[in-house]
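What follows is a short report on a single structure.
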Amino acid sequence: MSFHSNSKTNPSFSPQPPLNPWLNSSAAAAAAAAAEPLNPMVLAMHLSDPKSKTLIPNSTLILMDRTLLLSDEILIRIFQKLPDSQRNSNSLVCKRWMNLQGRLVRTLRVLDWNFVLSGRLTHRFPNLNHVDLVPGSFASPQDLANIVVSHKLVSLRVDSTWSVENLLPSEAVDAGLRSLSGGCPNLRKLEVAGASEAGISTVGSECATLQELELQRCDDAVLRGVAACRNLQILKLVGSLKGFYDSVVSDIGFTILAQGCRRLVKLELVGCEGSFDGVKAIGQCCVMLEELVIVDHRMDDGWLAGLSFCENLKTLRIQSCKVIDRSPGLEEHLGCCEALERLHLQQCQLRDRNGVGALFSVCRNARDIVLQDCWGLDNSTLSLAIVCRRVKLFYVEGCSLLTTEGLESVIEHWKELECLRVESCKNIKDSDISPELATLFSTLKELKWRPDTKYLFPSDMGIGMGKKGGKFFKRT
């Protein structure tokens, strides 16, 4: 019996596709065998061999990259299962993987403002919900210099000729914001410096889901645009930043903000001016405000009395302030934050007894008091906290002037105290603990006593001397 390899005589015959010279013989045989069952599944695309000018069939292409059998949705679900440390390398495989990986990126920090202006940012990462534009908002040298200027709020590369005049103009920043808001309408958090009222208004109108906003180089006029952010809940304003820029946020800006952002839950003011009137306006209009953070303020005397108008304020944080309030006024005019639960003071100058006493009086209902690295906090200054009768947690760290006697004289008045933490206070000695203080310790639910931690090392370093002066007890 003879067999003729002819498509005319054998209708079911399917000719083998041309073999790719890049494949070995076994791979070529497999490609020929698998060609017919894969034909219904392959993509309509062809590649050409630059040497032979022969088209590589779809089946062979699939054998070379079997991920082509998977849809974009399936590949994205696979990428989502990978740890974050392995995701970035996916974009190096091919353009398709790069585009799919870009869809998974939710948070991005921009260093080059041209990347925003060109539209490549939104094209490459269309699903961003958190973008930090602050580093890119400063004009950096064309050739990256080795000089890095760092601050708690910003870090950028500069050259020897850099000055504050190199900051990007507001027009360029606004143009970048228009490009960003048009391509990423699902933004939830945005950080930017140097924007104008128009730029912020564009973001507010285009990004209805925006809930958290940080504005650096901010002034009173910019805050008019914040009113367009209808669902804004967390706002951080940076007015003046020493060595970088010097903008002014005053009572005018506070009033504009209070009238336009009535749903604020957290407000942070860095380097801002103001007075009693501005703080009062915020308290009266932003009735949902629960947390207020004040950093390095330049407020006028008497501003503390405005805090009493924040009826739902639960947390007050004051950081890096050289003075609390030089002239707070009479105690009967200060009022009280009835709902306040937490008072945090960090890296503040507490040498002014009038200001510190007024602060404790306004926060007399606080249940948690935290004092970290505060200068000038001695026994007499801490004694002003006796007015806070509801304290359940007291945490003091890095206050070298405080002694064991001064600590005991205060906490013995706090009948509801449950948790005490003392760290890095060199004048608080174990040898000065009285029997009464030891008895008080035994009634606490939690005690962390490490006043002498000058030579403490992290426990994960494996150094055995880390427990010097440390005691920790927790009642179950």
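Each chain in the structure tokens gets a letter, A, B and so on, in the order shown; residues start at 1 in every chain, and ligands are counted from 1 in the order they appear.
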Residues within 7 Å of Lys280 in chain A, only C-alpha atoms, excluding chain neighbours under 3 positions, as a ChimeraX atom specification: /A:276-277,283-284,306-307,309
Next, write the just-selected residues to a file, as a PDB file, in the first residue's frame, keeping all heavy atoms as the atom set.
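Final file, again.pdb:
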ATOM      1  N   PHE A 276      -5.261  83.108  67.983  1.00  0.00           N
ATOM      2  CA  PHE A 276      -6.482  82.586  68.589  1.00  0.00           C
ATOM      3  C   PHE A 276      -7.625  82.529  67.581  1.00  0.00           C
ATOM      4  O   PHE A 276      -8.377  81.548  67.531  1.00  0.00           O
ATOM      5  CB  PHE A 276      -6.853  83.468  69.790  1.00  0.00           C
ATOM      6  CG  PHE A 276      -8.245  83.238  70.310  1.00  0.00           C
ATOM      7  CD1 PHE A 276      -8.528  82.176  71.150  1.00  0.00           C
ATOM      8  CD2 PHE A 276      -9.284  84.101  69.954  1.00  0.00           C
ATOM      9  CE1 PHE A 276      -9.816  81.971  71.628  1.00  0.00           C
ATOM     10  CE2 PHE A 276     -10.569  83.905  70.422  1.00  0.00           C
ATOM     11  CZ  PHE A 276     -10.839  82.836  71.262  1.00  0.00           C
ATOM     12  N   ASP A 277      -7.769  83.562  66.757  1.00  0.00           N
ATOM     13  CA  ASP A 277      -8.892  83.630  65.816  1.00  0.00           C
ATOM     14  C   ASP A 277      -8.842  82.497  64.798  1.00  0.00           C
ATOM     15  O   ASP A 277      -9.871  81.882  64.475  1.00  0.00           O
ATOM     16  CB  ASP A 277      -8.895  84.978  65.101  1.00  0.00           C
ATOM     17  CG  ASP A 277      -9.174  86.137  66.048  1.00  0.00           C
ATOM     18  OD1 ASP A 277      -9.892  85.899  67.046  1.00  0.00           O
ATOM     19  OD2 ASP A 277      -8.672  87.246  65.802  1.00  0.00           O
ATOM     20  N   GLY A 283     -11.723  75.165  64.860  1.00  0.00           N
ATOM     21  CA  GLY A 283     -12.483  74.387  65.825  1.00  0.00           C
ATOM     22  C   GLY A 283     -13.991  74.489  65.625  1.00  0.00           C
ATOM     23  O   GLY A 283     -14.721  73.510  65.776  1.00  0.00           O
ATOM     24  N   GLN A 284     -14.461  75.669  65.280  1.00  0.00           N
ATOM     25  CA  GLN A 284     -15.895  75.863  65.119  1.00  0.00           C
ATOM     26  C   GLN A 284     -16.435  75.258  63.825  1.00  0.00           C
ATOM     27  O   GLN A 284     -17.576  74.777  63.802  1.00  0.00           O
ATOM     28  CB  GLN A 284     -16.217  77.364  65.164  1.00  0.00           C
ATOM     29  CG  GLN A 284     -16.076  77.983  66.540  1.00  0.00           C
ATOM     30  CD  GLN A 284     -16.392  79.465  66.533  1.00  0.00           C
ATOM     31  OE1 GLN A 284     -16.182  80.145  65.521  1.00  0.00           O
ATOM     32  NE2 GLN A 284     -16.876  79.980  67.663  1.00  0.00           N
ATOM     33  N   GLY A 306      -7.739  78.940  71.774  1.00  0.00           N
ATOM     34  CA  GLY A 306      -8.583  78.523  70.659  1.00  0.00           C
ATOM     35  C   GLY A 306      -8.805  77.023  70.597  1.00  0.00           C
ATOM     36  O   GLY A 306      -9.746  76.554  69.942  1.00  0.00           O
ATOM     37  N   LEU A 307      -7.961  76.235  71.266  1.00  0.00           N
ATOM     38  CA  LEU A 307      -8.112  74.786  71.234  1.00  0.00           C
ATOM     39  C   LEU A 307      -9.408  74.318  71.882  1.00  0.00           C
ATOM     40  O   LEU A 307      -9.944  73.277  71.517  1.00  0.00           O
ATOM     41  CB  LEU A 307      -6.916  74.114  71.923  1.00  0.00           C
ATOM     42  CG  LEU A 307      -5.553  74.259  71.240  1.00  0.00           C
ATOM     43  CD1 LEU A 307      -4.461  73.622  72.091  1.00  0.00           C
ATOM     44  CD2 LEU A 307      -5.575  73.614  69.859  1.00  0.00           C
ATOM     45  N   PHE A 309     -12.264  75.251  71.432  1.00  0.00           N
ATOM     46  CA  PHE A 309     -13.377  75.231  70.481  1.00  0.00           C
ATOM     47  C   PHE A 309     -13.366  73.962  69.622  1.00  0.00           C
ATOM     48  O   PHE A 309     -14.317  73.731  68.881  1.00  0.00           O
ATOM     49  CB  PHE A 309     -13.320  76.465  69.581  1.00  0.00           C
ATOM     50  CG  PHE A 309     -13.595  77.744  70.306  1.00  0.00           C
ATOM     51  CD1 PHE A 309     -12.571  78.471  70.889  1.00  0.00           C
ATOM     52  CD2 PHE A 309     -14.894  78.215  70.428  1.00  0.00           C
ATOM     53  CE1 PHE A 309     -12.821  79.654  71.562  1.00  0.00           C
ATOM     54  CE2 PHE A 309     -15.159  79.399  71.097  1.00  0.00           C
ATOM     55  CZ  PHE A 309     -14.122  80.115  71.672  1.00  0.00           C
TER      56      PHE A 309
END
DSSP strand (DSSP E or B) residues within range 143-366 of chain A, listed as a ChimeraX atom specification: /A:147-150,155-158,167,189-193,212-216,234-238,240-241,245-246,266-270,291-295,315-319,342-346,349
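Of the listed residues (A:Leu68, A:Cys184, A:Leu133, A:Val238), A:Cys184 comes nearest to Arg106 in chain A; the distances count only C-alpha atoms.
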Polymer residues at most 7 Å from range 196-204 of chain A, only C-alpha atoms, same-chain spacing of 2 or more positions, as an MDAnalysis selection string: chainID A and resid 170 174 177:178 181 194 206:208 221:226 228:229
Counting only C-alpha atoms, what is within 7 Å of Glu290 in chain A, bar same-chain residues fewer than 6 positions away, as a PDB file with N, CA and C atoms, in the first residue's frame?
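After the write, result-v2.pdb holds the following:
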ATOM      1  N   VAL A 265     -10.580  65.281  59.432  1.00  0.00           N
ATOM      2  CA  VAL A 265     -10.433  64.454  60.624  1.00  0.00           C
ATOM      3  C   VAL A 265      -9.067  64.686  61.271  1.00  0.00           C
ATOM      4  N   LYS A 266      -8.049  64.950  60.434  1.00  0.00           N
ATOM      5  CA  LYS A 266      -6.705  65.204  60.942  1.00  0.00           C
ATOM      6  C   LYS A 266      -6.114  66.402  60.219  1.00  0.00           C
ATOM      7  N   ASN A 312     -14.439  67.971  69.453  1.00  0.00           N
ATOM      8  CA  ASN A 312     -14.241  66.533  69.268  1.00  0.00           C
ATOM      9  C   ASN A 312     -12.779  66.139  69.142  1.00  0.00           C
ATOM     10  N   LEU A 313     -11.879  67.050  69.477  1.00  0.00           N
ATOM     11  CA  LEU A 313     -10.455  66.763  69.371  1.00  0.00           C
ATOM     12  C   LEU A 313     -10.055  65.686  70.384  1.00  0.00           C
ATOM     13  N   LYS A 314      -9.402  64.614  69.864  1.00  0.00           N
ATOM     14  CA  LYS A 314      -8.991  63.511  70.721  1.00  0.00           C
ATOM     15  C   LYS A 314      -7.482  63.423  70.894  1.00  0.00           C
ATOM     16  N   THR A 315      -6.723  63.904  69.924  1.00  0.00           N
ATOM     17  CA  THR A 315      -5.262  63.802  69.987  1.00  0.00           C
ATOM     18  C   THR A 315      -4.644  65.148  69.639  1.00  0.00           C
TER      19      THR A 315
END
Selection near range 389-394 of chain A, 8 Å with only C-alpha atoms, sequence-local residues under 6 positions removed, as a list in words: Arg364, Asn365, Ala366, Arg367, Asp368, Ile369, Val370, His413, Trp414, Lys415, Glu416, Leu417, Glu418, Cys419, Leu420 and Arg421 of chain A
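If only C-alpha atoms are the atoms counted, then among A:Lys429, A:Lys242, A:Arg326, A:Arg342 the closest residue to Gly355 in chain A is A:Arg326.
Non-sequential neighbours of Gly239 in chain A (distance at most 8 Å, separation of 3 or more positions within a chain, only C-alpha atoms) are A:Gln216, A:Arg217, A:Cys218, A:Asp219, A:Asp246, A:Ser247, A:Val248, A:Val249, A:Leu269, A:Val270, A:Gly271, A:Cys272.
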Counting only C-alpha atoms, the option among A:Leu128, A:Leu359, A:Ala305, A:Leu371 closest to His333 in chain A: A:Ala305
Counting only C-alpha atoms, the residue of A:Asp296, A:Glu212, A:Glu408, A:Glu332 that sits nearest Ser361 in chain A: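 Ranked by minimum distance to Ser361 in chain A, first place goes to A:Glu332.
Shortest atom-to-atom contact with Asp301 in chain A among A:Leu108, A:Cys388, A:Ile324, A:Leu440: A:Ile324, counting only C-alpha atoms.
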DSSP-assigned alpha helix (DSSP H) members of range 96-312 of chain A, reported as a VMD selection string: chain A and resid 96 to 104 113 to 117 120 to 124 170 to 183 197 to 206 223 to 226 251 to 260 276 to 285
Selected residue of minimal separation from Glu405 in chain A among A:Glu423, A:Asp251, A:Glu191, A:Asp378, counting only C-alpha atoms: A:Asp378
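The neighbours of Asp325 in chain A here are the residues that come within 8 Å of it, using only C-alpha atoms and leaving out any residue fewer than 5 positions away in the same chain; they are Asp300, Asp301, Gly302, Trp303, Leu304, Asn354, Gly355 and Val356 of chain A.
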